[in-house]
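Data block for entry-v1.pdb (PDB, C-alpha atoms):
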```pdb
ATOM      1  CA  MET G 194       8.566 -12.403 -36.460
ATOM      2  CA  SER G 195       6.589  -9.162 -36.553
ATOM      3  CA  THR G 196       4.453 -10.479 -39.412
ATOM      4  CA  GLY G 197       3.914 -13.806 -37.657
ATOM      5  CA  TRP G 198       2.780 -12.106 -34.461
ATOM      6  CA  GLY G 199       0.621  -9.771 -36.522
ATOM      7  CA  LEU G 200      -1.120 -12.746 -38.162
ATOM      8  CA  ILE G 201      -1.915 -14.074 -34.702
ATOM      9  CA  GLN G 202      -3.129 -10.685 -33.494
ATOM     10  CA  VAL G 203      -5.415 -10.143 -36.489
ATOM     11  CA  THR G 204      -7.438 -13.211 -35.417
ATOM     12  CA  ARG G 205      -8.056 -11.515 -32.013
ATOM     13  CA  PRO G 206      -7.188 -14.618 -29.944
ATOM     14  CA  HIS G 207      -9.036 -13.365 -26.847
ATOM     15  CA  ASN G 208     -12.280 -13.235 -28.852
ATOM     16  CA  CYS G 209     -11.686 -16.763 -30.150
ATOM     17  CA  LEU G 210     -11.063 -17.993 -26.611
ATOM     18  CA  ALA G 211     -14.170 -16.215 -25.334
ATOM     19  CA  ALA G 212     -16.324 -17.828 -28.033
ATOM     20  CA  ALA G 213     -14.833 -21.279 -27.397
ATOM     21  CA  LEU G 214     -15.590 -20.901 -23.689
ATOM     22  CA  ALA G 215     -19.195 -20.020 -24.546
ATOM     23  CA  SER G 216     -19.499 -23.267 -26.498
ATOM     24  CA  LEU G 217     -18.068 -25.156 -23.524
ATOM     25  CA  LEU G 218     -20.670 -23.458 -21.335
ATOM     26  CA  GLY G 219     -23.386 -24.808 -23.621
ATOM     27  CA  ALA G 220     -21.854 -28.284 -23.455
ATOM     28  CA  TYR G 221     -21.753 -28.164 -19.658
ATOM     29  CA  LEU G 222     -25.339 -26.962 -19.352
ATOM     30  CA  SER G 223     -26.421 -29.723 -21.722
ATOM     31  CA  GLY G 224     -24.470 -32.746 -20.557
ATOM     32  CA  GLY G 225     -22.598 -31.798 -17.409
ATOM     33  CA  SER G 226     -18.886 -31.799 -16.681
ATOM     34  CA  ALA G 227     -18.454 -35.361 -17.952
ATOM     35  CA  HIS G 228     -18.920 -34.141 -21.527
ATOM     36  CA  LEU G 229     -16.514 -31.196 -21.433
ATOM     37  CA  LEU G 230     -13.493 -33.200 -22.551
ATOM     38  CA  SER G 231     -15.368 -35.457 -24.937
ATOM     39  CA  SER G 232     -14.170 -35.484 -28.527
ATOM     40  CA  PRO G 233     -17.338 -33.917 -30.031
ATOM     41  CA  VAL G 234     -17.314 -31.042 -27.538
ATOM     42  CA  VAL G 235     -13.600 -30.313 -28.026
ATOM     43  CA  ARG G 236     -14.064 -30.366 -31.797
ATOM     44  CA  ALA G 237     -17.109 -28.098 -31.533
ATOM     45  CA  ALA G 238     -15.139 -25.595 -29.443
ATOM     46  CA  THR G 239     -12.372 -25.763 -32.051
ATOM     47  CA  VAL G 240     -14.865 -25.054 -34.836
ATOM     48  CA  VAL G 241     -16.182 -22.057 -32.924
ATOM     49  CA  GLY G 242     -12.705 -20.675 -32.266
ATOM     50  CA  LEU G 243     -11.604 -21.095 -35.887
ATOM     51  CA  THR G 244     -14.826 -19.585 -37.231
ATOM     52  CA  VAL G 245     -14.534 -16.530 -35.003
ATOM     53  CA  ALA G 246     -10.882 -16.159 -36.026
ATOM     54  CA  ALA G 247     -11.823 -16.240 -39.723
ATOM     55  CA  CYS G 248     -14.584 -13.682 -39.214
ATOM     56  CA  ASN G 249     -12.265 -11.406 -37.241
ATOM     57  CA  VAL G 250      -9.641 -11.472 -39.983
ATOM     58  CA  ALA G 251     -12.297 -10.742 -42.607
ATOM     59  CA  ASN G 252     -13.587  -7.880 -40.468
ATOM     60  CA  ASP G 253     -10.145  -6.304 -40.141
ATOM     61  CA  TYR G 254      -9.571  -6.785 -43.879
ATOM     62  CA  ARG G 255     -12.812  -4.983 -44.646
ATOM     63  CA  ASP G 256     -12.551  -2.271 -41.967
ATOM     64  CA  VAL G 257      -9.025  -1.115 -42.739
ATOM     65  CA  ALA G 258     -10.175   2.406 -43.719
ATOM     66  CA  ALA G 259     -12.012   2.962 -40.440
ATOM     67  CA  ASP G 260      -9.239   1.303 -38.420
ATOM     68  CA  ARG G 261      -6.682   3.739 -39.841
ATOM     69  CA  VAL G 262      -8.590   6.420 -37.910
ATOM     70  CA  ASP G 263      -9.758   4.620 -34.761
ATOM     71  CA  LYS G 264      -7.344   1.688 -34.416
ATOM     72  CA  PRO G 265      -4.137   2.414 -36.362
ATOM     73  CA  HIS G 266      -2.256   0.000 -34.088
ATOM     74  CA  ARG G 267      -4.061  -3.028 -35.540
ATOM     75  CA  PRO G 268      -1.938  -5.357 -37.722
ATOM     76  CA  ILE G 269      -3.320  -4.355 -41.138
ATOM     77  CA  PRO G 270      -3.478  -0.529 -40.853
ATOM     78  CA  SER G 271      -0.107  -0.530 -39.079
ATOM     79  CA  GLY G 272       1.431  -2.380 -42.041
ATOM     80  CA  ARG G 273       2.562  -5.436 -40.071
ATOM     81  CA  VAL G 274       0.153  -7.648 -42.052
ATOM     82  CA  SER G 275      -0.713  -7.106 -45.706
ATOM     83  CA  ARG G 276      -4.305  -7.313 -46.891
ATOM     84  CA  SER G 277      -3.416 -10.189 -49.202
ATOM     85  CA  ALA G 278      -1.924 -12.154 -46.306
ATOM     86  CA  ALA G 279      -5.041 -11.475 -44.234
ATOM     87  CA  GLU G 280      -7.260 -12.626 -47.087
ATOM     88  CA  LYS G 281      -5.344 -15.895 -47.386
ATOM     89  CA  LEU G 282      -5.409 -16.413 -43.624
ATOM     90  CA  ALA G 283      -9.184 -15.935 -43.520
ATOM     91  CA  ALA G 284      -9.589 -18.545 -46.262
ATOM     92  CA  VAL G 285      -7.353 -21.056 -44.454
ATOM     93  CA  LEU G 286      -9.182 -20.558 -41.156
ATOM     94  CA  THR G 287     -12.563 -20.932 -42.847
ATOM     95  CA  LEU G 288     -11.549 -24.180 -44.535
ATOM     96  CA  ALA G 289     -10.109 -25.493 -41.267
ATOM     97  CA  ALA G 290     -13.305 -24.665 -39.360
ATOM     98  CA  LEU G 291     -15.522 -26.324 -41.954
ATOM     99  CA  GLY G 292     -13.186 -29.316 -42.122
ATOM    100  CA  VAL G 293     -13.393 -29.937 -38.378
ATOM    101  CA  ALA G 294     -17.162 -29.323 -38.448
ATOM    102  CA  GLY G 295     -17.438 -32.008 -41.113
ATOM    103  CA  THR G 296     -16.273 -34.585 -38.575
ATOM    104  CA  LEU G 297     -19.243 -33.739 -36.335
ATOM    105  CA  GLY G 298     -21.978 -34.622 -38.805
ATOM    106  CA  ARG G 299     -24.391 -33.036 -41.236
ATOM    107  CA  TRP G 300     -26.189 -30.576 -38.951
ATOM    108  CA  PRO G 301     -23.074 -29.247 -37.180
ATOM    109  CA  SER G 302     -21.513 -28.757 -40.618
ATOM    110  CA  ALA G 303     -24.575 -26.887 -41.869
ATOM    111  CA  ILE G 304     -24.604 -24.670 -38.780
ATOM    112  CA  ALA G 305     -20.883 -23.945 -39.114
ATOM    113  CA  LEU G 306     -21.290 -23.032 -42.784
ATOM    114  CA  THR G 307     -24.282 -20.780 -42.067
ATOM    115  CA  THR G 308     -22.613 -18.943 -39.188
ATOM    116  CA  THR G 309     -19.423 -18.480 -41.219
ATOM    117  CA  ILE G 310     -21.362 -16.983 -44.116
ATOM    118  CA  LEU G 311     -23.233 -14.657 -41.773
ATOM    119  CA  GLY G 312     -20.111 -13.723 -39.834
ATOM    120  CA  ILE G 313     -18.045 -12.852 -42.888
ATOM    121  CA  GLY G 314     -21.075 -11.436 -44.676
ATOM    122  CA  TYR G 315     -21.574  -9.023 -41.787
ATOM    123  CA  SER G 316     -18.298  -7.275 -42.592
ATOM    124  CA  TYR G 317     -19.139  -6.983 -46.300
ATOM    125  CA  PHE G 318     -22.904  -6.485 -46.428
ATOM    126  CA  LEU G 319     -24.552  -6.272 -42.992
ATOM    127  CA  LYS G 320     -22.488  -3.829 -40.951
ATOM    128  CA  SER G 321     -24.187  -0.818 -42.544
ATOM    129  CA  THR G 322     -27.672  -2.172 -41.793
ATOM    130  CA  VAL G 323     -27.427  -0.412 -38.417
ATOM    131  CA  LEU G 324     -29.266  -2.375 -35.688
ATOM    132  CA  LEU G 325     -29.880  -5.414 -37.914
ATOM    133  CA  GLY G 326     -26.161  -5.996 -38.188
ATOM    134  CA  ASN G 327     -25.777  -5.645 -34.413
ATOM    135  CA  GLY G 328     -28.550  -8.185 -33.963
ATOM    136  CA  ILE G 329     -26.829 -10.647 -36.304
ATOM    137  CA  ILE G 330     -23.624 -10.419 -34.260
ATOM    138  CA  GLY G 331     -25.617 -10.998 -31.073
ATOM    139  CA  LEU G 332     -27.335 -14.066 -32.547
ATOM    140  CA  LEU G 333     -24.045 -15.485 -33.805
ATOM    141  CA  CYS G 334     -22.486 -15.143 -30.353
ATOM    142  CA  GLY G 335     -25.514 -16.765 -28.729
ATOM    143  CA  ALA G 336     -25.259 -19.569 -31.282
ATOM    144  CA  THR G 337     -21.866 -20.559 -29.863
ATOM    145  CA  VAL G 338     -23.631 -21.690 -26.683
ATOM    146  CA  ILE G 339     -26.211 -23.620 -28.690
ATOM    147  CA  TYR G 340     -23.479 -25.261 -30.779
ATOM    148  CA  GLY G 341     -21.732 -26.526 -27.671
ATOM    149  CA  GLY G 342     -25.005 -27.808 -26.257
ATOM    150  CA  LEU G 343     -25.739 -29.762 -29.432
ATOM    151  CA  ALA G 344     -22.255 -31.289 -29.381
ATOM    152  CA  ALA G 345     -22.834 -32.518 -25.824
ATOM    153  CA  GLY G 346     -26.047 -34.327 -26.708
ATOM    154  CA  GLY G 347     -28.880 -31.841 -27.074
ATOM    155  CA  LEU G 348     -30.552 -28.632 -26.010
ATOM    156  CA  THR G 349     -31.952 -27.957 -22.553
ATOM    157  CA  PRO G 350     -33.849 -24.939 -21.171
ATOM    158  CA  GLN G 351     -30.624 -23.820 -19.477
ATOM    159  CA  VAL G 352     -28.745 -23.872 -22.793
ATOM    160  CA  GLY G 353     -31.488 -21.788 -24.386
ATOM    161  CA  VAL G 354     -31.468 -19.280 -21.530
ATOM    162  CA  ALA G 355     -27.678 -18.914 -21.674
ATOM    163  CA  GLY G 356     -27.769 -18.480 -25.451
ATOM    164  CA  LEU G 357     -30.393 -15.754 -25.138
ATOM    165  CA  LEU G 358     -28.464 -13.927 -22.414
ATOM    166  CA  VAL G 359     -25.254 -14.024 -24.453
ATOM    167  CA  SER G 360     -27.121 -12.673 -27.497
ATOM    168  CA  LEU G 361     -28.613  -9.791 -25.506
ATOM    169  CA  PHE G 362     -25.314  -8.972 -23.822
ATOM    170  CA  VAL G 363     -23.424  -8.855 -27.128
ATOM    171  CA  PHE G 364     -26.171  -6.897 -28.893
ATOM    172  CA  THR G 365     -26.073  -4.283 -26.128
ATOM    173  CA  ARG G 366     -22.275  -4.161 -26.254
ATOM    174  CA  GLU G 367     -22.352  -3.717 -30.036
ATOM    175  CA  ILE G 368     -24.315  -0.477 -29.588
ATOM    176  CA  LEU G 369     -21.667   0.740 -27.154
ATOM    177  CA  LYS G 370     -18.976  -0.326 -29.621
ATOM    178  CA  ALA G 371     -20.665   1.737 -32.344
ATOM    179  CA  LEU G 372     -20.291   4.777 -30.101
ATOM    180  CA  ALA G 373     -16.608   4.022 -29.592
ATOM    181  CA  ASP G 374     -16.007   3.580 -33.340
ATOM    182  CA  GLN G 375     -18.118   6.539 -34.451
ATOM    183  CA  ARG G 376     -15.269   8.734 -35.705
ATOM    184  CA  GLY G 377     -13.685   6.001 -37.814
ATOM    185  CA  ASP G 378     -17.016   4.804 -39.180
ATOM    186  CA  VAL G 379     -17.931   8.332 -40.268
ATOM    187  CA  SER G 380     -14.634   8.722 -42.116
ATOM    188  CA  ALA G 381     -15.118   5.350 -43.845
ATOM    189  CA  GLY G 382     -18.759   6.015 -44.725
ATOM    190  CA  VAL G 383     -20.055   3.118 -42.612
ATOM    191  CA  ARG G 384     -23.657   3.344 -41.417
ATOM    192  CA  THR G 385     -24.053   2.391 -37.754
ATOM    193  CA  VAL G 386     -26.483   3.269 -35.018
ATOM    194  CA  ALA G 387     -24.082   6.009 -33.876
ATOM    195  CA  THR G 388     -23.458   7.536 -37.304
ATOM    196  CA  GLN G 389     -27.127   7.453 -38.282
ATOM    197  CA  PHE G 390     -28.921   8.399 -35.053
ATOM    198  CA  GLY G 391     -26.233  10.378 -33.255
ATOM    199  CA  THR G 392     -24.655  10.063 -29.847
ATOM    200  CA  PRO G 393     -27.629  10.899 -27.556
ATOM    201  CA  VAL G 394     -29.992   8.426 -29.242
ATOM    202  CA  SER G 395     -27.313   5.734 -29.329
ATOM    203  CA  LEU G 396     -26.671   6.209 -25.628
ATOM    204  CA  ARG G 397     -30.382   5.861 -24.841
ATOM    205  CA  LEU G 398     -30.562   2.716 -26.950
ATOM    206  CA  PHE G 399     -27.588   1.282 -25.077
ATOM    207  CA  GLN G 400     -29.187   2.117 -21.733
ATOM    208  CA  THR G 401     -32.526   0.644 -22.836
ATOM    209  CA  PHE G 402     -31.050  -2.663 -23.916
ATOM    210  CA  ALA G 403     -28.864  -2.741 -20.823
ATOM    211  CA  ILE G 404     -32.103  -2.730 -18.831
ATOM    212  CA  VAL G 405     -33.519  -5.464 -21.090
ATOM    213  CA  PHE G 406     -30.429  -7.577 -20.460
ATOM    214  CA  ILE G 407     -30.627  -7.011 -16.704
ATOM    215  CA  VAL G 408     -34.294  -8.061 -16.599
ATOM    216  CA  ALA G 409     -33.550 -11.112 -18.751
ATOM    217  CA  ALA G 410     -30.639 -12.085 -16.500
ATOM    218  CA  LEU G 411     -32.870 -11.917 -13.415
ATOM    219  CA  THR G 412     -35.730 -13.866 -15.012
ATOM    220  CA  PRO G 413     -34.260 -17.405 -14.543
ATOM    221  CA  TRP G 414     -34.111 -16.795 -10.794
ATOM    222  CA  PHE G 415     -37.654 -15.425 -10.668
ATOM    223  CA  LEU G 416     -38.899 -18.441 -12.652
ATOM    224  CA  HIS G 417     -37.011 -20.842 -10.364
ATOM    225  CA  LEU G 418     -34.825 -22.052 -13.244
ATOM    226  CA  ALA G 419     -31.723 -21.102 -11.239
ATOM    227  CA  GLY G 420     -30.867 -20.894  -7.562
ATOM    228  CA  ASP G 421     -29.582 -18.161  -5.293
ATOM    229  CA  ARG G 422     -25.949 -18.816  -6.209
ATOM    230  CA  TYR G 423     -26.724 -17.906  -9.816
ATOM    231  CA  LEU G 424     -28.439 -14.705  -8.670
ATOM    232  CA  TYR G 425     -25.525 -13.593  -6.496
ATOM    233  CA  ALA G 426     -22.925 -14.396  -9.164
ATOM    234  CA  MET G 427     -24.891 -12.723 -11.943
ATOM    235  CA  VAL G 428     -25.613  -9.592  -9.908
ATOM    236  CA  LEU G 429     -21.978  -9.135  -8.888
ATOM    237  CA  GLY G 430     -20.361 -10.272 -12.121
ATOM    238  CA  SER G 431     -22.697  -8.824 -14.728
ATOM    239  CA  ILE G 432     -25.872  -7.024 -13.686
ATOM    240  CA  LEU G 433     -24.392  -4.491 -11.255
ATOM    241  CA  PRO G 434     -21.408  -3.543 -13.480
ATOM    242  CA  THR G 435     -23.719  -3.186 -16.497
ATOM    243  CA  ALA G 436     -26.043  -0.921 -14.525
ATOM    244  CA  VAL G 437     -23.130   1.189 -13.281
ATOM    245  CA  ILE G 438     -21.806   1.639 -16.831
ATOM    246  CA  ALA G 439     -25.227   2.656 -18.151
ATOM    247  CA  ILE G 440     -25.719   5.160 -15.331
ATOM    248  CA  LEU G 441     -22.229   6.674 -15.420
ATOM    249  CA  LEU G 442     -22.307   7.163 -19.183
ATOM    250  CA  GLY G 443     -25.534   9.082 -18.706
ATOM    251  CA  PHE G 444     -23.676  11.529 -16.463
ATOM    252  CA  ARG G 445     -20.377  11.683 -18.331
ATOM    253  CA  LEU G 446     -20.221  10.633 -21.967
ATOM    254  CA  THR G 447     -16.759  11.183 -23.455
ATOM    255  CA  ASP G 448     -14.463   9.187 -25.726
ATOM    256  CA  HIS G 449     -12.511   8.118 -22.655
ATOM    257  CA  THR G 450     -15.519   6.881 -20.686
ATOM    258  CA  VAL G 451     -16.969   5.070 -23.704
ATOM    259  CA  HIS G 452     -13.699   3.254 -24.464
ATOM    260  CA  LEU G 453     -13.172   2.465 -20.785
ATOM    261  CA  SER G 454     -16.699   1.060 -20.544
ATOM    262  CA  LEU G 455     -16.090  -1.029 -23.647
ATOM    263  CA  ARG G 456     -12.954  -2.519 -22.096
ATOM    264  CA  VAL G 457     -14.870  -3.321 -18.909
ATOM    265  CA  THR G 458     -17.606  -5.121 -20.852
ATOM    266  CA  LYS G 459     -14.930  -7.299 -22.458
ATOM    267  CA  TRP G 460     -14.127  -8.677 -19.015
ATOM    268  CA  LEU G 461     -17.803  -8.867 -18.118
ATOM    269  CA  TRP G 462     -18.149 -11.509 -20.845
ATOM    270  CA  PHE G 463     -16.038 -13.902 -18.761
ATOM    271  CA  SER G 464     -17.681 -13.092 -15.434
ATOM    272  CA  SER G 465     -21.120 -13.420 -17.040
ATOM    273  CA  LEU G 466     -20.269 -16.841 -18.485
ATOM    274  CA  SER G 467     -18.989 -17.905 -15.069
ATOM    275  CA  ALA G 468     -22.313 -16.928 -13.519
ATOM    276  CA  MET G 469     -24.257 -18.790 -16.200
ATOM    277  CA  VAL G 470     -22.469 -21.998 -15.222
ATOM    278  CA  LEU G 471     -24.714 -21.868 -12.141
ATOM    279  CA  LEU G 472     -27.831 -22.192 -14.293
ATOM    280  CA  LYS G 473     -27.284 -25.950 -14.038
TER
END
```

Step by step, read the file and then write its structure as structure tokens.
Amino acid sequence: MSTGWGLIQVTRPHNCLAAALASLLGAYLSGGSAHLLSSPVVRAATVVGLTVAACNVANDYRDVAADRVDKPHRPIPSGRVSRSAAEKLAAVLTLAALGVAGTLGRWPSAIALTTTILGIGYSYFLKSTVLLGNGIIGLLCGATVIYGGLAAGGLTPQVGVAGLLVSLFVFTREILKALADQRGDVSAGVRTVATQFGTPVSLRLFQTFAIVFIVAALTPWFLHLAGDRYLYAMVLGSILPTAVIAILLGFRLTDHTVHLSLRVTKWLWFSSLSAMVLLK
């Protein structure tokens, strides 16, 4: 039972759910609520969830040395899941994702294959490319919105805006995550923005891109692409908390405040997606 629960945990189910919800957001912004329960949209959300699960397992498989320092409670470093079992699970999830994508047509299959290669390749080849790797993760997360929009019938300006905002949000969060994982990454010899540039520079980069995200989130309202309800929801659910985190970390930067901020941003994903629903 411990191994079975560990195999579930190593997929990081909350991340899979978050990504699937992002694809549903794209479907809603593209085709409205009538398309949310359509077969193509449900299958697209399934592809996204399975792909993210496979990439998460591959990431934990690859990062076991760093996780032994920073996250020893995770299934692989804690010994609840063997590396061989994780490797097999990643393969099964990848095949399942590509199999479901195959039912959606040529282009959805090609997109699923490309994002899977990039997602797994990040853990093996791109993580030590510093900001480039962070950018790839941001683009992959933004692509979940686009994927859902395509499944619902096509892209709209609102789908593009939501995809861009998700990409910026995740990219900014990845810089914060590098700060949180700095000790483990140093011990494992992983090159990240925090290990290469140091804590002060990494903090300034996080604060800079937090401002970029805030400006980008306000832009749809200024350009009359979204109404006042979007503005109020985005300010309360995303912009204001992001600003508070960036400011407070400038005054007090410790392991505790960084990890606390990272946990808060995990919940901001859901409140931000909820606000983006109002782009339509």

Residues matched by the PyMOL selection byres ((chain G and resi 380) around 10) as JSON, numbers by chain:
{"G": [258, 259, 260, 261, 262, 263, 375, 376, 377, 378, 379, 381, 382, 383]}

Using all atoms listed in the file, what table do you get, as a Markdown table, when you list each residue of region 238-282 of chain G with an atom no more than 6 Å from region 213-221 of chain G, its nearest pair of atoms, and their distance in Å rounded to one decimal, rows by chain then rising number?
```
| residue | atom | partner | partner_atom | distance |
| --- | --- | --- | --- | --- |
| G:Ala238 | CA | G:Ala213 | CA | 4.8 |
| G:Val241 | CA | G:Ala213 | CA | 5.7 |
| G:Gly242 | CA | G:Ala213 | CA | 5.3 |
```

Which is closest to Glu280 (chain G) among G:Thr204, G:Thr401, G:Ser226, G:Ser232, if we use all atoms listed in the file?
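The answer is G:Thr204, which sits nearest to Glu280 (chain G).
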
Here CA of Tyr317 (chain G) and CA of Trp460 (chain G) stand apart by 27.8 Å

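Taking all atoms listed in the file into account, Leu396 (chain G) lies nearest to G:Arg366 out of the set G:Arg299, G:Lys264, G:Arg366, G:Lys320.
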
Where is the centre and how long are the edges: axis-aligned box on region 214-227 of chain G, 6 Å on each side, Å to one decimal, as AutoDock Vina command-line options:
```
--center_x -21.0 --center_y -27.7 --center_z -21.6 --size_x 22.8 --size_y 27.3 --size_z 21.8
```

Of G:Phe362, G:Tyr425, G:Phe444, G:Phe390, the one nearest to Phe406 (chain G) when counting only C-alpha atoms is G:Phe362

Hits from the PyMOL selection byres ((chain G and resi 288) around 12), listed as a PDB file with C-alpha atoms, in the frame of the given file:
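part_16.pdb was written with the following content:
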```
ATOM      1  CA  VAL G 240     -14.865 -25.054 -34.836  1.00  0.00           C
ATOM      2  CA  LEU G 243     -11.604 -21.095 -35.887  1.00  0.00           C
ATOM      3  CA  THR G 244     -14.826 -19.585 -37.231  1.00  0.00           C
ATOM      4  CA  ALA G 246     -10.882 -16.159 -36.026  1.00  0.00           C
ATOM      5  CA  ALA G 247     -11.823 -16.240 -39.723  1.00  0.00           C
ATOM      6  CA  LYS G 281      -5.344 -15.895 -47.386  1.00  0.00           C
ATOM      7  CA  LEU G 282      -5.409 -16.413 -43.624  1.00  0.00           C
ATOM      8  CA  ALA G 283      -9.184 -15.935 -43.520  1.00  0.00           C
ATOM      9  CA  ALA G 284      -9.589 -18.545 -46.262  1.00  0.00           C
ATOM     10  CA  VAL G 285      -7.353 -21.056 -44.454  1.00  0.00           C
ATOM     11  CA  LEU G 286      -9.182 -20.558 -41.156  1.00  0.00           C
ATOM     12  CA  THR G 287     -12.563 -20.932 -42.847  1.00  0.00           C
ATOM     13  CA  ALA G 289     -10.109 -25.493 -41.267  1.00  0.00           C
ATOM     14  CA  ALA G 290     -13.305 -24.665 -39.360  1.00  0.00           C
ATOM     15  CA  LEU G 291     -15.522 -26.324 -41.954  1.00  0.00           C
ATOM     16  CA  GLY G 292     -13.186 -29.316 -42.122  1.00  0.00           C
ATOM     17  CA  VAL G 293     -13.393 -29.937 -38.378  1.00  0.00           C
ATOM     18  CA  ALA G 294     -17.162 -29.323 -38.448  1.00  0.00           C
ATOM     19  CA  GLY G 295     -17.438 -32.008 -41.113  1.00  0.00           C
ATOM     20  CA  SER G 302     -21.513 -28.757 -40.618  1.00  0.00           C
ATOM     21  CA  ALA G 305     -20.883 -23.945 -39.114  1.00  0.00           C
ATOM     22  CA  LEU G 306     -21.290 -23.032 -42.784  1.00  0.00           C
ATOM     23  CA  THR G 309     -19.423 -18.480 -41.219  1.00  0.00           C
TER      24      THR G 309
END
```

List the neighbours of Leu446 (chain G) out to 12 Å using only C-alpha atoms; skip same-chain residues closer than 4 positions along the sequence, and give me the result as a ChimeraX atom specification.
/G:369,372-373,392-393,395-397,438-442,450-454

Residue members of the PyMOL selection byres ((chain G and resi 430) around 12) in the file shown, as a VMD selection string: chain G and resid 407 410 422 to 429 431 to 437 457 to 458 460 to 469

Complete region 342-361 of chain G at the level of N, CA and C atoms, written as a PDB file, in the coordinates of the input.
```
ATOM      1  N   GLY G 342     -23.962 -26.969 -26.817  1.00  0.00           N
ATOM      2  CA  GLY G 342     -25.005 -27.808 -26.257  1.00  0.00           C
ATOM      3  C   GLY G 342     -25.357 -28.965 -27.171  1.00  0.00           C
ATOM      4  N   LEU G 343     -25.444 -28.704 -28.464  1.00  0.00           N
ATOM      5  CA  LEU G 343     -25.739 -29.762 -29.432  1.00  0.00           C
ATOM      6  C   LEU G 343     -24.630 -30.805 -29.464  1.00  0.00           C
ATOM      7  N   ALA G 344     -23.380 -30.357 -29.351  1.00  0.00           N
ATOM      8  CA  ALA G 344     -22.255 -31.289 -29.381  1.00  0.00           C
ATOM      9  C   ALA G 344     -22.251 -32.202 -28.167  1.00  0.00           C
ATOM     10  N   ALA G 345     -22.816 -31.723 -27.052  1.00  0.00           N
ATOM     11  CA  ALA G 345     -22.834 -32.518 -25.824  1.00  0.00           C
ATOM     12  C   ALA G 345     -24.040 -33.440 -25.737  1.00  0.00           C
ATOM     13  N   GLY G 346     -24.935 -33.381 -26.719  1.00  0.00           N
ATOM     14  CA  GLY G 346     -26.047 -34.327 -26.708  1.00  0.00           C
ATOM     15  C   GLY G 346     -27.404 -33.729 -26.961  1.00  0.00           C
ATOM     16  N   GLY G 347     -27.571 -32.422 -26.812  1.00  0.00           N
ATOM     17  CA  GLY G 347     -28.880 -31.841 -27.074  1.00  0.00           C
ATOM     18  C   GLY G 347     -29.116 -30.561 -26.312  1.00  0.00           C
ATOM     19  N   LEU G 348     -30.220 -29.906 -26.634  1.00  0.00           N
ATOM     20  CA  LEU G 348     -30.552 -28.632 -26.010  1.00  0.00           C
ATOM     21  C   LEU G 348     -31.393 -28.846 -24.759  1.00  0.00           C
ATOM     22  N   THR G 349     -31.176 -27.981 -23.787  1.00  0.00           N
ATOM     23  CA  THR G 349     -31.952 -27.957 -22.553  1.00  0.00           C
ATOM     24  C   THR G 349     -32.439 -26.529 -22.335  1.00  0.00           C
ATOM     25  N   PRO G 350     -33.408 -26.316 -21.454  1.00  0.00           N
ATOM     26  CA  PRO G 350     -33.849 -24.939 -21.171  1.00  0.00           C
ATOM     27  C   PRO G 350     -32.694 -24.049 -20.719  1.00  0.00           C
ATOM     28  N   GLN G 351     -31.760 -24.616 -19.958  1.00  0.00           N
ATOM     29  CA  GLN G 351     -30.624 -23.820 -19.477  1.00  0.00           C
ATOM     30  C   GLN G 351     -29.735 -23.368 -20.629  1.00  0.00           C
ATOM     31  N   VAL G 352     -29.542 -24.244 -21.623  1.00  0.00           N
ATOM     32  CA  VAL G 352     -28.745 -23.872 -22.793  1.00  0.00           C
ATOM     33  C   VAL G 352     -29.429 -22.738 -23.548  1.00  0.00           C
ATOM     34  N   GLY G 353     -30.746 -22.841 -23.698  1.00  0.00           N
ATOM     35  CA  GLY G 353     -31.488 -21.788 -24.386  1.00  0.00           C
ATOM     36  C   GLY G 353     -31.417 -20.466 -23.662  1.00  0.00           C
ATOM     37  N   VAL G 354     -31.542 -20.510 -22.327  1.00  0.00           N
ATOM     38  CA  VAL G 354     -31.468 -19.280 -21.530  1.00  0.00           C
ATOM     39  C   VAL G 354     -30.089 -18.638 -21.672  1.00  0.00           C
ATOM     40  N   ALA G 355     -29.040 -19.451 -21.560  1.00  0.00           N
ATOM     41  CA  ALA G 355     -27.678 -18.914 -21.674  1.00  0.00           C
ATOM     42  C   ALA G 355     -27.438 -18.329 -23.059  1.00  0.00           C
ATOM     43  N   GLY G 356     -27.925 -19.011 -24.095  1.00  0.00           N
ATOM     44  CA  GLY G 356     -27.769 -18.480 -25.451  1.00  0.00           C
ATOM     45  C   GLY G 356     -28.464 -17.144 -25.618  1.00  0.00           C
ATOM     46  N   LEU G 357     -29.651 -17.012 -25.058  1.00  0.00           N
ATOM     47  CA  LEU G 357     -30.393 -15.754 -25.138  1.00  0.00           C
ATOM     48  C   LEU G 357     -29.665 -14.639 -24.391  1.00  0.00           C
ATOM     49  N   LEU G 358     -29.169 -14.943 -23.195  1.00  0.00           N
ATOM     50  CA  LEU G 358     -28.464 -13.927 -22.414  1.00  0.00           C
ATOM     51  C   LEU G 358     -27.197 -13.463 -23.122  1.00  0.00           C
ATOM     52  N   VAL G 359     -26.463 -14.396 -23.711  1.00  0.00           N
ATOM     53  CA  VAL G 359     -25.254 -14.024 -24.453  1.00  0.00           C
ATOM     54  C   VAL G 359     -25.619 -13.128 -25.636  1.00  0.00           C
ATOM     55  N   SER G 360     -26.690 -13.480 -26.352  1.00  0.00           N
ATOM     56  CA  SER G 360     -27.121 -12.673 -27.497  1.00  0.00           C
ATOM     57  C   SER G 360     -27.472 -11.255 -27.069  1.00  0.00           C
ATOM     58  N   LEU G 361     -28.220 -11.118 -25.993  1.00  0.00           N
ATOM     59  CA  LEU G 361     -28.613  -9.791 -25.506  1.00  0.00           C
ATOM     60  C   LEU G 361     -27.405  -8.988 -25.030  1.00  0.00           C
TER      61      LEU G 361
END
```
